[in-house]
Structures are given as structure tokens and as C-alpha cells.
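Next up, work-v5.txt (compact mmCIF, N, CA and C atoms and all ligand atoms):
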# COMPACT_ATOMS: atom_id res chain seq x y z
N MET I 29 -1.00 1.05 -2.36
CA MET I 29 -2.43 1.34 -2.48
C MET I 29 -3.24 0.22 -1.82
N SER I 30 -4.28 0.61 -1.08
CA SER I 30 -5.19 -0.37 -0.52
C SER I 30 -6.53 -0.26 -1.25
N ASP I 31 -7.52 -1.04 -0.82
CA ASP I 31 -8.82 -0.93 -1.46
C ASP I 31 -9.72 0.07 -0.74
N ALA I 32 -9.13 0.81 0.24
CA ALA I 32 -9.90 1.84 0.93
C ALA I 32 -10.32 2.91 -0.08
N SER I 33 -11.50 3.46 0.09
CA SER I 33 -12.05 4.35 -0.93
C SER I 33 -11.19 5.57 -1.25
N PRO I 34 -10.47 6.20 -0.29
CA PRO I 34 -9.64 7.35 -0.69
C PRO I 34 -8.60 6.99 -1.73
N CYS I 35 -8.20 5.73 -1.75
CA CYS I 35 -7.14 5.31 -2.65
C CYS I 35 -7.59 5.28 -4.11
N THR I 36 -8.86 5.02 -4.35
CA THR I 36 -9.32 4.91 -5.73
C THR I 36 -9.35 6.26 -6.44
N THR I 37 -9.27 7.35 -5.66
CA THR I 37 -9.18 8.66 -6.28
C THR I 37 -7.81 9.29 -6.01
N CYS I 38 -6.83 8.45 -5.65
CA CYS I 38 -5.50 8.97 -5.32
C CYS I 38 -4.43 8.28 -6.17
N GLY I 39 -3.86 7.19 -5.66
CA GLY I 39 -2.81 6.48 -6.40
C GLY I 39 -1.44 7.10 -6.25
N ALA I 40 -1.30 8.09 -5.37
CA ALA I 40 -0.03 8.80 -5.23
C ALA I 40 1.12 7.89 -4.84
N CYS I 41 0.88 6.92 -3.95
CA CYS I 41 1.98 6.07 -3.50
C CYS I 41 2.46 5.13 -4.62
N CYS I 42 1.64 4.92 -5.62
CA CYS I 42 2.04 4.08 -6.76
C CYS I 42 2.85 4.90 -7.77
N ALA I 43 2.97 6.18 -7.50
CA ALA I 43 3.70 7.07 -8.39
C ALA I 43 4.61 7.98 -7.55
N ALA I 44 5.26 7.37 -6.55
CA ALA I 44 6.10 8.16 -5.65
C ALA I 44 7.33 7.39 -5.15
N PHE I 45 7.21 6.09 -4.95
CA PHE I 45 8.27 5.33 -4.29
C PHE I 45 8.67 4.10 -5.10
N ARG I 46 9.94 3.67 -4.91
CA ARG I 46 10.34 2.38 -5.49
C ARG I 46 9.56 1.27 -4.80
N VAL I 47 9.18 0.28 -5.58
CA VAL I 47 8.45 -0.87 -5.03
C VAL I 47 9.28 -2.11 -5.32
N ASP I 48 10.00 -2.58 -4.31
CA ASP I 48 10.89 -3.73 -4.43
C ASP I 48 10.36 -4.90 -3.61
N PHE I 49 10.58 -6.10 -4.10
CA PHE I 49 10.12 -7.28 -3.37
C PHE I 49 10.90 -8.50 -3.82
N HIS I 50 10.70 -9.59 -3.12
CA HIS I 50 11.44 -10.82 -3.43
C HIS I 50 10.85 -11.51 -4.66
N PRO I 51 11.69 -12.06 -5.52
CA PRO I 51 11.18 -12.72 -6.73
C PRO I 51 10.24 -13.89 -6.43
N ALA I 52 10.22 -14.39 -5.21
CA ALA I 52 9.30 -15.48 -4.86
C ALA I 52 7.84 -15.04 -4.99
N GLU I 53 7.59 -13.72 -5.09
CA GLU I 53 6.22 -13.23 -5.26
C GLU I 53 5.82 -13.10 -6.73
N LEU I 54 6.73 -13.44 -7.62
CA LEU I 54 6.41 -13.38 -9.06
C LEU I 54 5.47 -14.53 -9.43
N ALA I 55 4.78 -14.37 -10.54
CA ALA I 55 3.85 -15.39 -11.01
C ALA I 55 4.54 -16.74 -11.11
N GLY I 56 3.88 -17.75 -10.56
CA GLY I 56 4.39 -19.11 -10.64
C GLY I 56 5.41 -19.47 -9.59
N ARG I 57 5.74 -18.50 -8.73
CA ARG I 57 6.75 -18.76 -7.71
C ARG I 57 6.09 -19.07 -6.36
N ALA I 58 6.94 -19.41 -5.40
CA ALA I 58 6.45 -20.01 -4.15
C ALA I 58 5.50 -19.13 -3.35
N PHE I 59 5.75 -17.82 -3.30
CA PHE I 59 4.95 -16.95 -2.43
C PHE I 59 4.08 -15.98 -3.22
N ALA I 60 3.68 -16.41 -4.40
CA ALA I 60 2.84 -15.56 -5.25
C ALA I 60 1.45 -15.43 -4.64
N TRP I 61 0.92 -14.21 -4.65
CA TRP I 61 -0.46 -13.95 -4.22
C TRP I 61 -1.34 -14.01 -5.46
N ALA I 62 -2.42 -14.73 -5.39
CA ALA I 62 -3.43 -14.71 -6.46
C ALA I 62 -2.82 -14.82 -7.85
N GLY I 63 -1.90 -15.72 -8.01
CA GLY I 63 -1.29 -15.91 -9.32
C GLY I 63 0.03 -15.20 -9.49
N GLY I 64 0.31 -14.24 -8.60
CA GLY I 64 1.61 -13.60 -8.60
C GLY I 64 1.73 -12.41 -9.53
N VAL I 65 2.82 -11.66 -9.35
CA VAL I 65 3.08 -10.46 -10.14
C VAL I 65 3.65 -10.89 -11.50
N PRO I 66 3.06 -10.43 -12.60
CA PRO I 66 3.60 -10.78 -13.92
C PRO I 66 5.05 -10.27 -14.06
N PRO I 67 5.99 -11.15 -14.38
CA PRO I 67 7.38 -10.71 -14.51
C PRO I 67 7.56 -9.56 -15.50
N ALA I 68 6.71 -9.50 -16.52
CA ALA I 68 6.85 -8.45 -17.53
C ALA I 68 6.63 -7.06 -16.95
N LEU I 69 6.00 -6.98 -15.78
CA LEU I 69 5.77 -5.68 -15.13
C LEU I 69 6.88 -5.33 -14.15
N THR I 70 7.93 -6.14 -14.13
CA THR I 70 9.01 -5.93 -13.17
C THR I 70 10.35 -5.83 -13.87
N VAL I 71 11.33 -5.34 -13.13
CA VAL I 71 12.72 -5.36 -13.60
C VAL I 71 13.56 -6.03 -12.51
N PRO I 72 14.53 -6.85 -12.91
CA PRO I 72 15.39 -7.48 -11.90
C PRO I 72 16.34 -6.45 -11.29
N VAL I 73 16.59 -6.57 -10.00
CA VAL I 73 17.54 -5.68 -9.32
C VAL I 73 18.74 -6.50 -8.86
N THR I 74 18.48 -7.51 -8.05
CA THR I 74 19.51 -8.48 -7.66
C THR I 74 18.85 -9.86 -7.71
N ALA I 75 19.61 -10.87 -7.34
CA ALA I 75 19.05 -12.22 -7.32
C ALA I 75 17.92 -12.34 -6.30
N GLN I 76 17.93 -11.44 -5.33
CA GLN I 76 16.94 -11.50 -4.24
C GLN I 76 15.92 -10.38 -4.31
N LEU I 77 15.94 -9.61 -5.39
CA LEU I 77 15.08 -8.42 -5.43
C LEU I 77 14.61 -8.13 -6.85
N VAL I 78 13.33 -7.89 -7.00
CA VAL I 78 12.80 -7.35 -8.25
C VAL I 78 12.05 -6.06 -7.93
N ARG I 79 11.80 -5.26 -8.96
CA ARG I 79 11.19 -3.94 -8.76
C ARG I 79 10.03 -3.78 -9.72
N MET I 80 8.96 -3.19 -9.25
CA MET I 80 7.87 -2.88 -10.18
C MET I 80 8.38 -1.89 -11.20
N HIS I 81 8.18 -2.23 -12.46
CA HIS I 81 8.65 -1.39 -13.56
C HIS I 81 8.04 0.01 -13.46
N GLY I 82 8.86 1.00 -13.62
CA GLY I 82 8.40 2.38 -13.60
C GLY I 82 8.53 3.06 -12.25
N THR I 83 8.76 2.27 -11.19
CA THR I 83 8.78 2.91 -9.87
C THR I 83 10.13 3.55 -9.55
N ASP I 84 11.12 3.38 -10.45
CA ASP I 84 12.39 4.09 -10.23
C ASP I 84 12.68 5.06 -11.36
N THR I 85 11.67 5.39 -12.14
CA THR I 85 11.87 6.38 -13.19
C THR I 85 11.61 7.77 -12.61
N SER I 86 11.87 8.79 -13.40
CA SER I 86 11.65 10.15 -12.92
C SER I 86 10.72 10.89 -13.91
N PRO I 87 9.50 11.14 -13.55
CA PRO I 87 8.86 10.82 -12.27
C PRO I 87 8.47 9.35 -12.22
N PRO I 88 8.38 8.81 -11.00
CA PRO I 88 8.01 7.40 -10.87
C PRO I 88 6.52 7.18 -11.14
N ARG I 89 6.24 6.03 -11.72
CA ARG I 89 4.84 5.59 -11.88
C ARG I 89 4.86 4.10 -12.16
N CYS I 90 4.22 3.34 -11.31
CA CYS I 90 4.20 1.89 -11.46
C CYS I 90 3.50 1.50 -12.76
N ALA I 91 4.09 0.53 -13.45
CA ALA I 91 3.53 0.07 -14.71
C ALA I 91 2.17 -0.58 -14.54
N ALA I 92 1.85 -0.99 -13.34
CA ALA I 92 0.55 -1.65 -13.10
C ALA I 92 -0.56 -0.66 -12.77
N LEU I 93 -0.22 0.62 -12.66
CA LEU I 93 -1.23 1.62 -12.30
C LEU I 93 -1.96 2.10 -13.54
N SER I 94 -3.28 2.11 -13.47
CA SER I 94 -4.06 2.69 -14.56
C SER I 94 -4.80 3.91 -14.04
N GLY I 95 -5.13 4.81 -14.94
CA GLY I 95 -5.89 5.99 -14.55
C GLY I 95 -5.01 7.20 -14.30
N GLU I 96 -5.63 8.21 -13.70
CA GLU I 96 -4.96 9.49 -13.45
C GLU I 96 -4.82 9.71 -11.96
N VAL I 97 -3.56 9.89 -11.53
CA VAL I 97 -3.31 10.12 -10.10
C VAL I 97 -4.08 11.37 -9.64
N GLY I 98 -4.76 11.21 -8.51
CA GLY I 98 -5.52 12.32 -7.95
C GLY I 98 -6.92 12.43 -8.51
N ALA I 99 -7.25 11.54 -9.44
CA ALA I 99 -8.60 11.59 -10.04
C ALA I 99 -9.27 10.22 -9.87
N GLN I 100 -8.88 9.27 -10.72
CA GLN I 100 -9.46 7.93 -10.65
C GLN I 100 -8.37 6.95 -11.05
N VAL I 101 -8.06 6.01 -10.19
CA VAL I 101 -6.97 5.06 -10.47
C VAL I 101 -7.38 3.66 -10.08
N ALA I 102 -6.61 2.70 -10.61
CA ALA I 102 -6.78 1.31 -10.21
C ALA I 102 -5.45 0.60 -10.38
N CYS I 103 -5.22 -0.37 -9.53
CA CYS I 103 -4.08 -1.26 -9.70
C CYS I 103 -4.56 -2.42 -10.57
N THR I 104 -3.92 -2.59 -11.72
CA THR I 104 -4.38 -3.61 -12.67
C THR I 104 -4.02 -5.02 -12.23
N ILE I 105 -3.22 -5.14 -11.16
CA ILE I 105 -2.89 -6.48 -10.64
C ILE I 105 -3.24 -6.53 -9.15
N TYR I 106 -4.34 -5.87 -8.78
CA TYR I 106 -4.64 -5.66 -7.37
C TYR I 106 -4.56 -6.94 -6.53
N ASP I 107 -5.20 -8.00 -6.96
CA ASP I 107 -5.21 -9.22 -6.14
C ASP I 107 -3.84 -9.87 -6.05
N ALA I 108 -2.99 -9.57 -7.02
CA ALA I 108 -1.66 -10.18 -7.06
C ALA I 108 -0.56 -9.19 -6.69
N ARG I 109 -0.93 -8.00 -6.25
CA ARG I 109 0.08 -6.96 -5.97
C ARG I 109 1.06 -7.47 -4.92
N PRO I 110 2.30 -6.99 -4.97
CA PRO I 110 3.34 -7.52 -4.08
C PRO I 110 3.22 -6.99 -2.65
N SER I 111 3.99 -7.60 -1.75
CA SER I 111 3.85 -7.31 -0.32
C SER I 111 4.02 -5.84 0.06
N PRO I 112 4.95 -5.07 -0.54
CA PRO I 112 5.04 -3.66 -0.12
C PRO I 112 3.72 -2.91 -0.34
N CYS I 113 3.02 -3.28 -1.39
CA CYS I 113 1.74 -2.61 -1.68
C CYS I 113 0.66 -3.07 -0.71
N ARG I 114 0.75 -4.31 -0.27
CA ARG I 114 -0.21 -4.83 0.70
C ARG I 114 -0.02 -4.19 2.07
N GLU I 115 1.24 -3.79 2.35
CA GLU I 115 1.55 -3.22 3.67
C GLU I 115 1.30 -1.71 3.71
N PHE I 116 1.10 -1.10 2.55
CA PHE I 116 0.97 0.36 2.48
C PHE I 116 -0.51 0.72 2.39
N ASP I 117 -0.96 1.55 3.32
CA ASP I 117 -2.35 1.99 3.22
C ASP I 117 -2.45 3.42 3.75
N ILE I 118 -3.67 3.87 3.94
CA ILE I 118 -3.88 5.27 4.31
C ILE I 118 -3.34 5.60 5.69
N HIS I 119 -3.01 4.59 6.48
CA HIS I 119 -2.48 4.83 7.82
C HIS I 119 -0.95 4.83 7.84
N HIS I 120 -0.34 4.56 6.71
CA HIS I 120 1.13 4.55 6.63
C HIS I 120 1.66 5.98 6.71
N ASP I 121 2.79 6.14 7.41
CA ASP I 121 3.40 7.47 7.56
C ASP I 121 3.63 8.15 6.22
N ALA I 122 4.00 7.35 5.22
CA ALA I 122 4.40 7.92 3.93
C ALA I 122 3.21 8.25 3.03
N CYS I 123 2.00 7.94 3.46
CA CYS I 123 0.82 8.27 2.66
C CYS I 123 0.77 9.77 2.41
N ALA I 124 0.89 10.55 3.45
CA ALA I 124 0.80 12.00 3.31
C ALA I 124 1.94 12.54 2.44
N ARG I 125 3.13 11.94 2.56
CA ARG I 125 4.27 12.39 1.73
C ARG I 125 4.00 12.11 0.26
N ALA I 126 3.48 10.92 -0.01
CA ALA I 126 3.17 10.58 -1.40
C ALA I 126 2.13 11.53 -1.97
N ARG I 127 1.10 11.79 -1.19
CA ARG I 127 0.05 12.69 -1.66
C ARG I 127 0.59 14.11 -1.88
N ALA I 128 1.48 14.56 -0.97
CA ALA I 128 2.05 15.90 -1.12
C ALA I 128 2.84 16.02 -2.41
N ARG I 129 3.52 14.96 -2.80
CA ARG I 129 4.29 14.99 -4.05
C ARG I 129 3.40 15.25 -5.26
N HIS I 130 2.14 14.92 -5.11
CA HIS I 130 1.21 15.11 -6.22
C HIS I 130 0.24 16.26 -5.97
N GLY I 131 0.60 17.09 -4.98
CA GLY I 131 -0.21 18.27 -4.71
C GLY I 131 -1.53 17.96 -4.04
N LEU I 132 -1.60 16.77 -3.42
CA LEU I 132 -2.85 16.38 -2.76
C LEU I 132 -2.71 16.58 -1.25
N PRO I 133 -3.74 17.04 -0.58
CA PRO I 133 -3.66 17.26 0.87
C PRO I 133 -3.64 15.95 1.63
N PRO I 134 -3.11 15.94 2.86
CA PRO I 134 -3.20 14.73 3.68
C PRO I 134 -4.66 14.39 3.92
N LEU I 135 -4.91 13.14 4.22
CA LEU I 135 -6.30 12.72 4.36
C LEU I 135 -6.94 13.24 5.64
N GLY I 136 -6.10 13.65 6.61
CA GLY I 136 -6.66 14.20 7.84
C GLY I 136 -7.40 13.17 8.66
N LEU I 137 -6.78 11.99 8.75
CA LEU I 137 -7.41 10.93 9.55
C LEU I 137 -7.34 11.28 11.02
N ALA I 138 -8.32 10.87 11.77
CA ALA I 138 -8.32 11.13 13.21
C ALA I 138 -7.31 10.23 13.89
S1 LIG I 201 -1.02 7.68 -1.04
FE1 LIG I 201 -2.40 7.02 0.60
S2 LIG I 201 -4.49 7.59 -0.08
FE2 LIG I 201 -3.13 7.61 -1.86
S3 LIG I 201 -3.37 5.58 -2.79
FE3 LIG I 201 -1.58 5.50 -1.42
S4 LIG I 201 -2.39 4.79 0.57
FE4 LIG I 201 -4.15 5.45 -0.69
S1 LIG I 202 1.50 -2.96 -8.00
FE1 LIG I 202 -0.45 -1.91 -7.86
S2 LIG I 202 -0.58 -1.20 -5.71
FE2 LIG I 202 1.57 -1.72 -6.14
S3 LIG I 202 2.56 0.21 -6.78
FE3 LIG I 202 1.86 -0.85 -8.62
S4 LIG I 202 -0.18 -0.01 -9.06
FE4 LIG I 202 0.32 0.47 -6.92

Any chance you could put this one into C-alpha cells?
Amino acid sequence: MSDASPCTTCGACCAAFRVDFHPAELAGRAFAWAGGVPPALTVPVTAQLVRMHGTDTSPPRCAALSGEVGAQVACTIYDARPSPCREFDIHHDACARARARHGLPPLGLA
């Protein structure tokens, strides 16, 4: 999710894909953004990988997401969100796939 306005009424990508990243982005670690991701919102995968809690459940939904997908949503750790979330925005190929999973049309960007 980005801070672009379509995202605040979507949130589909936060409830569609696994979100994995290096533990160095956790709170208090070397590459933490804005204080880092709270470890309590993650699950360990390997020594080199942690996952946002809820993103590998069925159906997936990130533990940091608040609100209703397709209506009004927010990332509760937006400033500290991990790198995969920072790299994903409305121009990402998988945006339309995530939205389709939730019955939402593609954004139809030019
Ligand atoms: S699926 Fe696309 S429009 Fe929806 S929140 Fe993610 S980046 Fe934004
Ligand atoms: S951390 Fe925030 S932006 Fe990333 S998947 Fe979770 S709710 Fe979405």
C-alpha cells in the first residue's frame, strides 16, 4: 500500500500476498524505518526472513491493516512499514491482481 489516494479505499494488496522482509527492518534494528516494524506484528520464517503476521493465512490479511478492504483502510504502521510495502504501489503489476481477488476493478491507469 502507498499513500496514493486510491489505496485508502482499497487495501487489497495488504490482504492478498505474503509480506516477507529482512529482520534488520524490525524495531530497534539496523535498517528500521521510522522506528521499525513491531516484532509482535511479525512471525519468524528463517534467520534471514520475517513475515507480517496474517499475510500467509487463508484468507490473508496483514495484522497491521485496519479498516475494511475496498471501503476505508489504513496501515497502522505506515511510516515504519517494511520495504515490500514501500515498493508496492498502484503502478505495480500485482495491484490489479490484488484488487481482483477482492472483487475490485483495476484502477485503469493511463
Ligand atoms: S492493491 Fe493497489 S490500489 Fe489497492 S492498496 Fe494496493 S497498491 Fe493501492
Ligand atoms: S505493513 Fe501496512 S502496508 Fe504493509 S501489508 Fe501490512 S498493512 Fe499493508

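Between atom N of I:Pro51 and atom CA of I:Gln76 the interatomic distance comes to 5.4 Å.
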
Proximity of chain I to ligand LIG 202 (chain I): per-residue shortest pair, 8 Å limit, only N, CA and C atoms and all ligand atoms, as a Markdown table:
| residue | atom | partner | partner_atom | distance |
| --- | --- | --- | --- | --- |
| I:Met29 | N | I:LIG202 | S2 | 4.1 |
| I:Ser30 | N | I:LIG202 | S2 | 6.2 |
| I:Gly39 | CA | I:LIG202 | FE4 | 6.8 |
| I:Ala40 | C | I:LIG202 | FE4 | 7.7 |
| I:Cys41 | C | I:LIG202 | S3 | 5.4 |
| I:Cys42 | CA | I:LIG202 | S3 | 3.9 |
| I:Ala43 | N | I:LIG202 | S3 | 6.0 |
| I:Ala44 | N | I:LIG202 | S3 | 7.7 |
| I:Phe45 | C | I:LIG202 | S3 | 7.4 |
| I:Arg46 | C | I:LIG202 | S3 | 7.4 |
| I:Val47 | CA | I:LIG202 | S3 | 6.2 |
| I:Val65 | CA | I:LIG202 | S1 | 8.0 |
| I:Met80 | CA | I:LIG202 | FE3 | 6.5 |
| I:His81 | N | I:LIG202 | FE3 | 7.5 |
| I:Thr83 | CA | I:LIG202 | S3 | 7.5 |
| I:Arg89 | C | I:LIG202 | FE3 | 6.8 |
| I:Cys90 | CA | I:LIG202 | FE3 | 4.6 |
| I:Ala91 | N | I:LIG202 | FE3 | 5.5 |
| I:Ala92 | C | I:LIG202 | S4 | 3.8 |
| I:Leu93 | N | I:LIG202 | S4 | 3.7 |
| I:Ser94 | N | I:LIG202 | S4 | 5.8 |
| I:Ala102 | C | I:LIG202 | S4 | 5.5 |
| I:Cys103 | CA | I:LIG202 | FE1 | 4.1 |
| I:Thr104 | N | I:LIG202 | FE1 | 5.2 |
| I:Ile105 | N | I:LIG202 | FE1 | 5.4 |
| I:Tyr106 | N | I:LIG202 | FE1 | 5.6 |
| I:Asp107 | N | I:LIG202 | FE1 | 7.8 |
| I:Ala108 | C | I:LIG202 | S1 | 6.7 |
| I:Arg109 | CA | I:LIG202 | S1 | 4.7 |
| I:Pro110 | N | I:LIG202 | S1 | 5.1 |
| I:Ser111 | N | I:LIG202 | FE2 | 7.7 |
| I:Pro112 | C | I:LIG202 | FE2 | 6.3 |
| I:Cys113 | CA | I:LIG202 | FE2 | 4.6 |
| I:Arg114 | N | I:LIG202 | S2 | 6.4 |

Protein and nucleic acid residues within 6.5 Å of ligand LIG 201 (chain I) (only N, CA and C atoms and all ligand atoms) as a PyMOL selection string:
chain I and resi 29-30+34-42+116-120+122-124+126-127

Resulting file, chosen residues, N, CA and C atoms, as a PDB file, in the coordinates of the input:
ATOM      1  N   MET I  29      -1.000   1.050  -2.360  1.00  0.00           N
ATOM      2  CA  MET I  29      -2.430   1.340  -2.480  1.00  0.00           C
ATOM      3  C   MET I  29      -3.240   0.220  -1.820  1.00  0.00           C
ATOM      4  N   SER I  30      -4.280   0.610  -1.080  1.00  0.00           N
ATOM      5  CA  SER I  30      -5.190  -0.370  -0.520  1.00  0.00           C
ATOM      6  C   SER I  30      -6.530  -0.260  -1.250  1.00  0.00           C
ATOM      7  N   PRO I  34     -10.470   6.200  -0.290  1.00  0.00           N
ATOM      8  CA  PRO I  34      -9.640   7.350  -0.690  1.00  0.00           C
ATOM      9  C   PRO I  34      -8.600   6.990  -1.730  1.00  0.00           C
ATOM     10  N   CYS I  35      -8.200   5.730  -1.750  1.00  0.00           N
ATOM     11  CA  CYS I  35      -7.140   5.310  -2.650  1.00  0.00           C
ATOM     12  C   CYS I  35      -7.590   5.280  -4.110  1.00  0.00           C
ATOM     13  N   THR I  36      -8.860   5.020  -4.350  1.00  0.00           N
ATOM     14  CA  THR I  36      -9.320   4.910  -5.730  1.00  0.00           C
ATOM     15  C   THR I  36      -9.350   6.260  -6.440  1.00  0.00           C
ATOM     16  N   THR I  37      -9.270   7.350  -5.660  1.00  0.00           N
ATOM     17  CA  THR I  37      -9.180   8.660  -6.280  1.00  0.00           C
ATOM     18  C   THR I  37      -7.810   9.290  -6.010  1.00  0.00           C
ATOM     19  N   CYS I  38      -6.830   8.450  -5.650  1.00  0.00           N
ATOM     20  CA  CYS I  38      -5.500   8.970  -5.320  1.00  0.00           C
ATOM     21  C   CYS I  38      -4.430   8.280  -6.170  1.00  0.00           C
ATOM     22  N   GLY I  39      -3.860   7.190  -5.660  1.00  0.00           N
ATOM     23  CA  GLY I  39      -2.810   6.480  -6.400  1.00  0.00           C
ATOM     24  C   GLY I  39      -1.440   7.100  -6.250  1.00  0.00           C
ATOM     25  N   ALA I  40      -1.300   8.090  -5.370  1.00  0.00           N
ATOM     26  CA  ALA I  40      -0.030   8.800  -5.230  1.00  0.00           C
ATOM     27  C   ALA I  40       1.120   7.890  -4.840  1.00  0.00           C
ATOM     28  N   CYS I  41       0.880   6.920  -3.950  1.00  0.00           N
ATOM     29  CA  CYS I  41       1.980   6.070  -3.500  1.00  0.00           C
ATOM     30  C   CYS I  41       2.460   5.130  -4.620  1.00  0.00           C
ATOM     31  N   CYS I  42       1.640   4.920  -5.620  1.00  0.00           N
ATOM     32  CA  CYS I  42       2.040   4.080  -6.760  1.00  0.00           C
ATOM     33  C   CYS I  42       2.850   4.900  -7.770  1.00  0.00           C
ATOM     34  N   PHE I 116       1.100  -1.100   2.550  1.00  0.00           N
ATOM     35  CA  PHE I 116       0.970   0.360   2.480  1.00  0.00           C
ATOM     36  C   PHE I 116      -0.510   0.720   2.390  1.00  0.00           C
ATOM     37  N   ASP I 117      -0.960   1.550   3.320  1.00  0.00           N
ATOM     38  CA  ASP I 117      -2.350   1.990   3.220  1.00  0.00           C
ATOM     39  C   ASP I 117      -2.450   3.420   3.750  1.00  0.00           C
ATOM     40  N   ILE I 118      -3.670   3.870   3.940  1.00  0.00           N
ATOM     41  CA  ILE I 118      -3.880   5.270   4.310  1.00  0.00           C
ATOM     42  C   ILE I 118      -3.340   5.600   5.690  1.00  0.00           C
ATOM     43  N   HIS I 119      -3.010   4.590   6.480  1.00  0.00           N
ATOM     44  CA  HIS I 119      -2.480   4.830   7.820  1.00  0.00           C
ATOM     45  C   HIS I 119      -0.950   4.830   7.840  1.00  0.00           C
ATOM     46  N   HIS I 120      -0.340   4.560   6.710  1.00  0.00           N
ATOM     47  CA  HIS I 120       1.130   4.550   6.630  1.00  0.00           C
ATOM     48  C   HIS I 120       1.660   5.980   6.710  1.00  0.00           C
ATOM     49  N   ALA I 122       4.000   7.350   5.220  1.00  0.00           N
ATOM     50  CA  ALA I 122       4.400   7.920   3.930  1.00  0.00           C
ATOM     51  C   ALA I 122       3.210   8.250   3.030  1.00  0.00           C
ATOM     52  N   CYS I 123       2.000   7.940   3.460  1.00  0.00           N
ATOM     53  CA  CYS I 123       0.820   8.270   2.660  1.00  0.00           C
ATOM     54  C   CYS I 123       0.770   9.770   2.410  1.00  0.00           C
ATOM     55  N   ALA I 124       0.890  10.550   3.450  1.00  0.00           N
ATOM     56  CA  ALA I 124       0.800  12.000   3.310  1.00  0.00           C
ATOM     57  C   ALA I 124       1.940  12.540   2.440  1.00  0.00           C
ATOM     58  N   ALA I 126       3.480  10.920  -0.010  1.00  0.00           N
ATOM     59  CA  ALA I 126       3.170  10.580  -1.400  1.00  0.00           C
ATOM     60  C   ALA I 126       2.130  11.530  -1.970  1.00  0.00           C
ATOM     61  N   ARG I 127       1.100  11.790  -1.190  1.00  0.00           N
ATOM     62  CA  ARG I 127       0.050  12.690  -1.660  1.00  0.00           C
ATOM     63  C   ARG I 127       0.590  14.110  -1.880  1.00  0.00           C
TER      64      ARG I 127
END

At a cut-off of 8 Å, using only C-alpha atoms, what residues contact I:His50? Leave out same-chain residues fewer than 3 positions from it and give the result as a count of residues only.
5

Residue list (strand (DSSP E), DSSP) for chain I, as a PDB file with N, CA and C atoms, in the coordinates of the input:
ATOM      1  N   ASP I  48      10.000  -2.580  -4.310  1.00  0.00           N
ATOM      2  CA  ASP I  48      10.890  -3.730  -4.430  1.00  0.00           C
ATOM      3  C   ASP I  48      10.360  -4.900  -3.610  1.00  0.00           C
ATOM      4  N   PHE I  49      10.580  -6.100  -4.100  1.00  0.00           N
ATOM      5  CA  PHE I  49      10.120  -7.280  -3.370  1.00  0.00           C
ATOM      6  C   PHE I  49      10.900  -8.500  -3.820  1.00  0.00           C
ATOM      7  N   THR I  70       7.930  -6.140 -14.130  1.00  0.00           N
ATOM      8  CA  THR I  70       9.010  -5.930 -13.170  1.00  0.00           C
ATOM      9  C   THR I  70      10.350  -5.830 -13.870  1.00  0.00           C
ATOM     10  N   VAL I  71      11.330  -5.340 -13.130  1.00  0.00           N
ATOM     11  CA  VAL I  71      12.720  -5.360 -13.600  1.00  0.00           C
ATOM     12  C   VAL I  71      13.560  -6.030 -12.510  1.00  0.00           C
ATOM     13  N   PRO I  72      14.530  -6.850 -12.910  1.00  0.00           N
ATOM     14  CA  PRO I  72      15.390  -7.480 -11.900  1.00  0.00           C
ATOM     15  C   PRO I  72      16.340  -6.450 -11.290  1.00  0.00           C
ATOM     16  N   VAL I  73      16.590  -6.570 -10.000  1.00  0.00           N
ATOM     17  CA  VAL I  73      17.540  -5.680  -9.320  1.00  0.00           C
ATOM     18  C   VAL I  73      18.740  -6.500  -8.860  1.00  0.00           C
ATOM     19  N   THR I  74      18.480  -7.510  -8.050  1.00  0.00           N
ATOM     20  CA  THR I  74      19.510  -8.480  -7.660  1.00  0.00           C
ATOM     21  C   THR I  74      18.850  -9.860  -7.710  1.00  0.00           C
ATOM     22  N   LEU I  77      15.940  -9.610  -5.390  1.00  0.00           N
ATOM     23  CA  LEU I  77      15.080  -8.420  -5.430  1.00  0.00           C
ATOM     24  C   LEU I  77      14.610  -8.130  -6.850  1.00  0.00           C
ATOM     25  N   VAL I  78      13.330  -7.890  -7.000  1.00  0.00           N
ATOM     26  CA  VAL I  78      12.800  -7.350  -8.250  1.00  0.00           C
ATOM     27  C   VAL I  78      12.050  -6.060  -7.930  1.00  0.00           C
ATOM     28  N   ARG I  79      11.800  -5.260  -8.960  1.00  0.00           N
ATOM     29  CA  ARG I  79      11.190  -3.940  -8.760  1.00  0.00           C
ATOM     30  C   ARG I  79      10.030  -3.780  -9.720  1.00  0.00           C
ATOM     31  N   MET I  80       8.960  -3.190  -9.250  1.00  0.00           N
ATOM     32  CA  MET I  80       7.870  -2.880 -10.180  1.00  0.00           C
ATOM     33  C   MET I  80       8.380  -1.890 -11.200  1.00  0.00           C
ATOM     34  N   LEU I  93      -0.220   0.620 -12.660  1.00  0.00           N
ATOM     35  CA  LEU I  93      -1.230   1.620 -12.300  1.00  0.00           C
ATOM     36  C   LEU I  93      -1.960   2.100 -13.540  1.00  0.00           C
ATOM     37  N   SER I  94      -3.280   2.110 -13.470  1.00  0.00           N
ATOM     38  CA  SER I  94      -4.060   2.690 -14.560  1.00  0.00           C
ATOM     39  C   SER I  94      -4.800   3.910 -14.040  1.00  0.00           C
ATOM     40  N   GLY I  95      -5.130   4.810 -14.940  1.00  0.00           N
ATOM     41  CA  GLY I  95      -5.890   5.990 -14.550  1.00  0.00           C
ATOM     42  C   GLY I  95      -5.010   7.200 -14.300  1.00  0.00           C
ATOM     43  N   GLU I  96      -5.630   8.210 -13.700  1.00  0.00           N
ATOM     44  CA  GLU I  96      -4.960   9.490 -13.450  1.00  0.00           C
ATOM     45  C   GLU I  96      -4.820   9.710 -11.960  1.00  0.00           C
ATOM     46  N   GLN I 100      -8.880   9.270 -10.720  1.00  0.00           N
ATOM     47  CA  GLN I 100      -9.460   7.930 -10.650  1.00  0.00           C
ATOM     48  C   GLN I 100      -8.370   6.950 -11.050  1.00  0.00           C
ATOM     49  N   VAL I 101      -8.060   6.010 -10.190  1.00  0.00           N
ATOM     50  CA  VAL I 101      -6.970   5.060 -10.470  1.00  0.00           C
ATOM     51  C   VAL I 101      -7.380   3.660 -10.080  1.00  0.00           C
ATOM     52  N   ALA I 102      -6.610   2.700 -10.610  1.00  0.00           N
ATOM     53  CA  ALA I 102      -6.780   1.310 -10.210  1.00  0.00           C
ATOM     54  C   ALA I 102      -5.450   0.600 -10.380  1.00  0.00           C
ATOM     55  N   CYS I 103      -5.220  -0.370  -9.530  1.00  0.00           N
ATOM     56  CA  CYS I 103      -4.080  -1.260  -9.700  1.00  0.00           C
ATOM     57  C   CYS I 103      -4.560  -2.420 -10.570  1.00  0.00           C
TER      58      CYS I 103
END

I'd like the box whose edges run along x, y and z of the file and which contains every listed atom of stretch 67-85 of chain I, padded by 3 Å per side; could you state its centre and edge lengths in Å, one decimal, as AutoDock Vina command-line options?
--center_x 12.7 --center_y -2.3 --center_z -10.9 --size_x 19.8 --size_y 26.1 --size_z 19.3

What is the atom C of I:Ala55-atom N of I:Pro67 distance in Å, reported with one decimal?
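For atom C of I:Ala55 relative to atom N of I:Pro67, the distance reads 6.6 Å.
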